[in-house]
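S.K.: If it helps, the file is called run-v7.txt and holds compact mmCIF, C-alpha atoms:
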# COMPACT_ATOMS: atom_id res chain seq x y z
CA MET A 1383 -0.46 -13.30 14.01
CA LYS A 1384 -1.44 -9.72 14.83
CA LYS A 1385 0.05 -7.05 12.59
CA ASN A 1386 1.41 -3.91 14.19
CA LYS A 1387 -0.62 -0.88 13.22
CA PRO A 1388 1.25 2.39 12.76
CA SER A 1389 1.28 4.36 15.95
CA ALA A 1390 -0.37 7.74 16.21
CA LEU A 1391 2.95 9.18 17.35
CA VAL A 1392 4.82 7.97 14.26
CA GLN A 1393 2.05 9.35 12.04
CA ALA A 1394 2.07 12.70 13.83
CA LEU A 1395 5.87 13.02 13.70
CA GLY A 1396 6.02 11.98 10.04
CA SER A 1397 3.29 14.43 9.09
CA GLY A 1398 4.95 17.18 11.11
CA LEU A 1399 8.26 16.57 9.39
CA ALA A 1400 6.55 16.79 5.99
CA GLY A 1401 5.11 20.19 6.97
CA ALA A 1402 8.51 21.37 8.19
CA VAL A 1403 10.21 20.27 4.97
CA ALA A 1404 7.57 22.12 2.93
CA VAL A 1405 8.15 25.36 4.88
CA ASN A 1406 11.93 25.11 4.52
CA LEU A 1407 11.75 24.31 0.80
CA LEU A 1408 9.52 27.35 0.24
CA HIS A 1409 11.82 29.61 2.25
CA GLU A 1410 14.92 28.40 0.45
CA ALA A 1411 13.43 28.57 -3.05
CA VAL A 1412 11.83 31.98 -2.66
CA ARG A 1413 14.81 33.62 -0.97
CA HIS A 1414 16.79 32.86 -4.15
CA LEU A 1415 14.00 33.96 -6.49
CA ARG A 1416 12.97 37.16 -4.65
CA PRO A 1417 15.92 38.31 -2.53
CA ALA A 1418 14.48 41.81 -2.06
CA ASP A 1419 11.36 40.81 -0.15
CA ALA A 1420 11.47 37.08 0.60
CA PRO A 1421 11.18 36.14 4.27
CA ARG A 1422 14.59 35.31 5.72
CA MET A 1423 13.73 32.95 8.53
CA ASP A 1424 17.21 31.47 8.12
CA VAL A 1425 18.64 34.82 9.23
CA LEU A 1426 16.28 34.93 12.22
CA GLY A 1427 17.31 31.40 13.14
CA GLU A 1428 21.01 32.22 12.91
CA GLN A 1429 20.53 35.35 15.04
CA GLY A 1430 18.65 33.28 17.61
CA LEU A 1431 21.35 30.60 17.61
CA ARG A 1432 24.14 33.15 18.05
CA LYS A 1433 22.23 34.91 20.82
CA LEU A 1434 21.68 31.61 22.66
CA LEU A 1435 25.31 30.54 22.28
CA GLY A 1436 26.45 33.97 23.44
CA LYS A 1437 24.38 33.72 26.63
CA ALA A 1438 25.88 30.28 27.27
CA ASP A 1439 29.42 31.57 26.64
CA ALA A 1440 29.73 28.89 23.98
CA PRO A 1441 31.92 29.33 20.88
CA GLN A 1442 30.22 30.83 17.83
CA PRO A 1443 30.07 28.64 14.71
CA ASP A 1444 31.32 29.85 11.33
CA GLU A 1445 28.71 31.12 8.86
CA GLU A 1446 28.23 27.80 7.02
CA SER A 1447 27.95 25.77 10.22
CA ALA A 1448 25.49 28.28 11.66
CA TYR A 1449 23.35 27.95 8.52
CA TYR A 1450 23.24 24.15 8.70
CA LEU A 1451 22.67 24.11 12.46
CA THR A 1452 19.81 26.54 11.98
CA LEU A 1453 18.34 24.47 9.16
CA ALA A 1454 18.45 21.34 11.32
CA GLY A 1455 16.91 23.27 14.22
CA ASP A 1456 14.14 24.56 11.93
CA LEU A 1457 13.32 21.06 10.71
CA LEU A 1458 13.28 19.70 14.24
CA SER A 1459 11.30 22.49 15.88
CA ASN A 1460 8.84 22.98 13.01
CA GLY A 1461 8.46 19.22 12.66
CA LEU A 1462 7.57 18.88 16.32
CA TYR A 1463 5.26 21.89 16.11
CA TYR A 1464 3.40 20.60 13.03
CA SER A 1465 3.16 17.14 14.60
CA LEU A 1466 0.46 18.70 16.78
CA VAL A 1467 -1.79 18.37 13.72
CA GLY A 1468 -2.12 14.73 14.81
CA ARG A 1469 -4.57 12.57 12.95
CA GLY A 1470 -8.28 12.29 12.44
CA LYS A 1471 -10.88 14.39 10.70
CA GLY A 1472 -9.94 17.56 12.58
CA ALA A 1473 -6.42 17.45 11.13
CA TRP A 1474 -7.27 19.95 8.36
CA TRP A 1475 -8.53 22.56 10.82
CA ARG A 1476 -5.61 21.97 13.18
CA GLY A 1477 -3.18 22.29 10.26
CA VAL A 1478 -4.68 25.58 9.14
CA ALA A 1479 -4.82 26.96 12.70
CA LEU A 1480 -1.25 25.90 13.55
CA GLY A 1481 0.10 27.18 10.24
CA ALA A 1482 -1.63 30.55 10.55
CA ALA A 1483 -0.50 30.92 14.17
CA ALA A 1484 3.11 30.12 13.25
CA GLY A 1485 3.01 32.58 10.36
CA VAL A 1486 1.61 35.41 12.45
CA GLY A 1487 4.12 34.57 15.18
CA GLY A 1488 6.92 34.68 12.62
CA VAL A 1489 5.93 38.24 11.76
CA VAL A 1490 5.07 39.56 15.23
CA LEU A 1491 7.50 37.86 17.63
CA PRO A 1492 11.05 38.42 16.30
CA GLY A 1493 11.10 42.13 17.25
CA PRO A 1494 10.07 41.64 20.89
CA MET A 1495 12.48 38.68 21.11
CA GLY A 1496 15.38 40.97 20.14
CA LEU A 1497 16.01 39.27 16.80
CA GLY A 1498 15.12 42.22 14.59
CA GLU A 1499 12.10 42.65 12.39
CA ALA A 1500 13.53 42.92 8.88
CA PRO A 1501 13.85 39.21 8.04
CA SER A 1502 10.09 38.59 8.30
CA ASN A 1503 8.64 42.08 8.42
CA ARG A 1504 10.43 44.17 5.74
CA THR A 1505 7.55 44.74 3.36
CA PRO A 1506 3.86 43.84 3.18
CA GLN A 1507 4.87 41.10 0.73
CA THR A 1508 7.42 39.72 3.21
CA LYS A 1509 4.77 39.58 5.93
CA ALA A 1510 2.26 37.92 3.61
CA MET A 1511 4.79 35.33 2.43
CA THR A 1512 5.83 34.55 6.01
CA VAL A 1513 2.25 33.81 7.00
CA ALA A 1514 1.56 31.94 3.77
CA TRP A 1515 4.62 29.65 4.01
CA TYR A 1516 3.77 28.55 7.55
CA LEU A 1517 0.14 28.09 6.55
CA VAL A 1518 1.31 25.85 3.70
CA GLY A 1519 3.37 23.86 6.22
CA GLY A 1520 0.28 23.27 8.36
CA VAL A 1521 -1.80 22.23 5.36
CA VAL A 1522 0.94 19.87 4.13
CA ALA A 1523 1.17 18.28 7.60
CA ALA A 1524 -2.62 17.84 7.66
CA GLY A 1525 -2.67 16.45 4.13
CA VAL A 1526 0.06 13.91 4.86
CA SER A 1527 -1.71 12.91 8.07
CA ARG A 1528 -5.03 12.38 6.25
CA TRP A 1529 -3.30 10.47 3.45
CA TRP A 1530 -1.56 8.30 6.04
CA SER A 1531 -4.88 7.56 7.78
CA LYS A 1532 -6.66 6.72 4.52
CA SER A 1533 -3.76 4.62 3.32
CA HIS A 1534 -3.83 2.60 6.53
CA LYS A 1535 -7.61 2.15 6.34
CA SER A 1536 -7.49 0.93 2.73
CA LYS A 1537 -4.85 -1.64 3.66
CA LYS A 1538 -7.11 -2.93 6.42
CA ARG A 1539 -10.06 -3.39 4.04
CA LYS A 1540 -8.24 -5.40 1.39
CA PRO A 1541 -9.11 -9.07 1.79
CA LYS A 1542 -6.17 -11.40 2.07
CA ARG A 1543 -5.81 -13.98 -0.61
CA HIS A 1544 -4.80 -17.38 0.51
CA LYS A 1545 -2.67 -19.57 -1.69
CA ALA A 1546 -4.21 -22.93 -2.49
Could you quickly redo this structure as structure tokens?
M.R.:
Amino acid sequence: MKKNKPSALVQALGSGLAGAVAVNLLHEAVRHLRPADAPRMDVLGEQGLRKLLGKADAPQPDEESAYYLTLAGDLLSNGLYYSLVGRGKGAWWRGVALGAAAGVGGVVLPGPMGLGEAPSNRTPQTKAMTVAWYLVGGVVAAGVSRWWSKSHKSKKRKPKRHKA
């Protein structure tokens, strides 16, 4: 009987989700530890959500609901973004490139998008942390992808023992 091998899509999505979780954990931890200069991507997300809902003439959620909706949206969108790391030997480079691009975008794009600059652009430290957190997310996605690939290969190599 042929065993099903894990699909590339499942590996990519799982790795992407790991990267997204890493970014969100960093953001949440550091915003409590360094409130003066920590990136506040949660605030950017809430502003984006409220702006979108406003354009759609949809009701605005309360503060707690907006926070959780934004968190879910971050996990989904960042997970899909980091899933582009894919698998294979180039995963490390793709992870670094995607992470760096997301970090720079997180610093540069909010202003032109009408979301304000303060949450990711307040101080040089805020800018550096924004880029660093997204870079970490890309590296985590690449690391999980490589681990997944190696784990699958090692399972293939193990000889099966037959019971006598």
S.K.: Could you state the separation of CA of Ala1420 in chain A and CA of Gly1498 in chain A in Å, given to one decimal place?
M.R.: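 For CA of Ala1420 in chain A relative to CA of Gly1498 in chain A, the distance reads 15.3 Å.
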S.K.: Neighbours of range 1503-1513 of chain A within 6 Å (all atoms listed in the file; same-chain residues fewer than 4 positions away dropped), as a list in words?
M.R.: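 Here the qualifying residues turn out to be Asp1419, Ala1420, Pro1421, Gly1485, Val1486, Val1489 and Glu1499 of chain A.
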S.K.: Keeping only C-alpha atoms, write those residues as an mmCIF file, in the coordinates of the input.
M.R.:
data_model
loop_
_atom_site.group_PDB
_atom_site.id
_atom_site.type_symbol
_atom_site.label_atom_id
_atom_site.label_comp_id
_atom_site.auth_asym_id
_atom_site.auth_seq_id
_atom_site.Cartn_x
_atom_site.Cartn_y
_atom_site.Cartn_z
ATOM 1 C CA ASP A 1419 11.360 40.810 -0.150
ATOM 2 C CA ALA A 1420 11.470 37.080 0.600
ATOM 3 C CA PRO A 1421 11.180 36.140 4.270
ATOM 4 C CA GLY A 1485 3.010 32.580 10.360
ATOM 5 C CA VAL A 1486 1.610 35.410 12.450
ATOM 6 C CA VAL A 1489 5.930 38.240 11.760
ATOM 7 C CA GLU A 1499 12.100 42.650 12.390
#
S.K.: Find the residue from A:Glu1428, A:Trp1530, A:Val1405, A:Tyr1464 that sits nearest to Leu1451 in chain A; use only C-alpha atoms when measuring.
M.R.: A:Glu1428
S.K.: Could you tell me how far CA of Leu1453 in chain A sits from CA of Asp1439 in chain A, in Å to one decimal place?
M.R.: 21.9 Å
S.K.: Counting all atoms listed in the file, which residue out of A:Pro1501, A:Gly1477, A:Gly1436, A:Gly1398 sits closest to Asp1456 in chain A?
M.R.: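 Using all atoms listed in the file, Asp1456 in chain A sits closest to A:Gly1398.
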S.K.: Would you mind listing what lies within 10 Å of Gln1429 in chain A as a tab-separated table (two decimals) with C-alpha atoms, in the frame of the given file, with all atoms listed in the file counted and same-chain residues fewer than 3 positions away left out?
M.R.:
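Saved the output as selection.tsv:
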chain	number	residue	atom	x	y	z
A	1423	MET	CA	13.73	32.95	8.53
A	1424	ASP	CA	17.21	31.47	8.12
A	1425	VAL	CA	18.64	34.82	9.23
A	1426	LEU	CA	16.28	34.93	12.22
A	1432	ARG	CA	24.14	33.15	18.05
A	1433	LYS	CA	22.23	34.91	20.82
A	1434	LEU	CA	21.68	31.61	22.66
A	1435	LEU	CA	25.31	30.54	22.28
A	1448	ALA	CA	25.49	28.28	11.66
A	1452	THR	CA	19.81	26.54	11.98
A	1496	GLY	CA	15.38	40.97	20.14
A	1497	LEU	CA	16.01	39.27	16.80
A	1498	GLY	CA	15.12	42.22	14.59
S.K.: Could you check the closest approach to Leu1431 in chain A for each of A:Trp1515, A:Val1478, A:His1414, A:Gly1455 and tell me which residue wins, using only C-alpha atoms?
M.R.: A:Gly1455
S.K.: Between A:Gly1520, A:Pro1417, A:Gly1472, A:Gly1461, which has the minimum distance to Gly1396 in chain A (counting all atoms listed in the file)?
M.R.: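 When distances to Gly1396 in chain A are compared using all atoms listed in the file, the smallest one comes from A:Gly1461.
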S.K.: Just give me the gap between CA of Gly1401 in chain A and CA of Gln1442 in chain A in Å, one decimal is fine.
M.R.: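 Calculated distance between CA of Gly1401 in chain A and CA of Gln1442 in chain A is 29.4 Å.
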S.K.: Smallest atom-to-atom distance to Tyr1450 in chain A: which of A:Val1521, A:Tyr1463, A:Gly1427, A:Gly1468, using all atoms listed in the file?
M.R.: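 For Tyr1450 in chain A, the nearest of the given residues is A:Gly1427.
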S.K.: Quick one: of A:Asp1444, A:Leu1407, A:Arg1422, A:Arg1469, who's nearest to Lys1532 in chain A, counting all atoms listed in the file?
M.R.: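 Looking only at the distances to Lys1532 in chain A, the closest residue turns out to be A:Arg1469.
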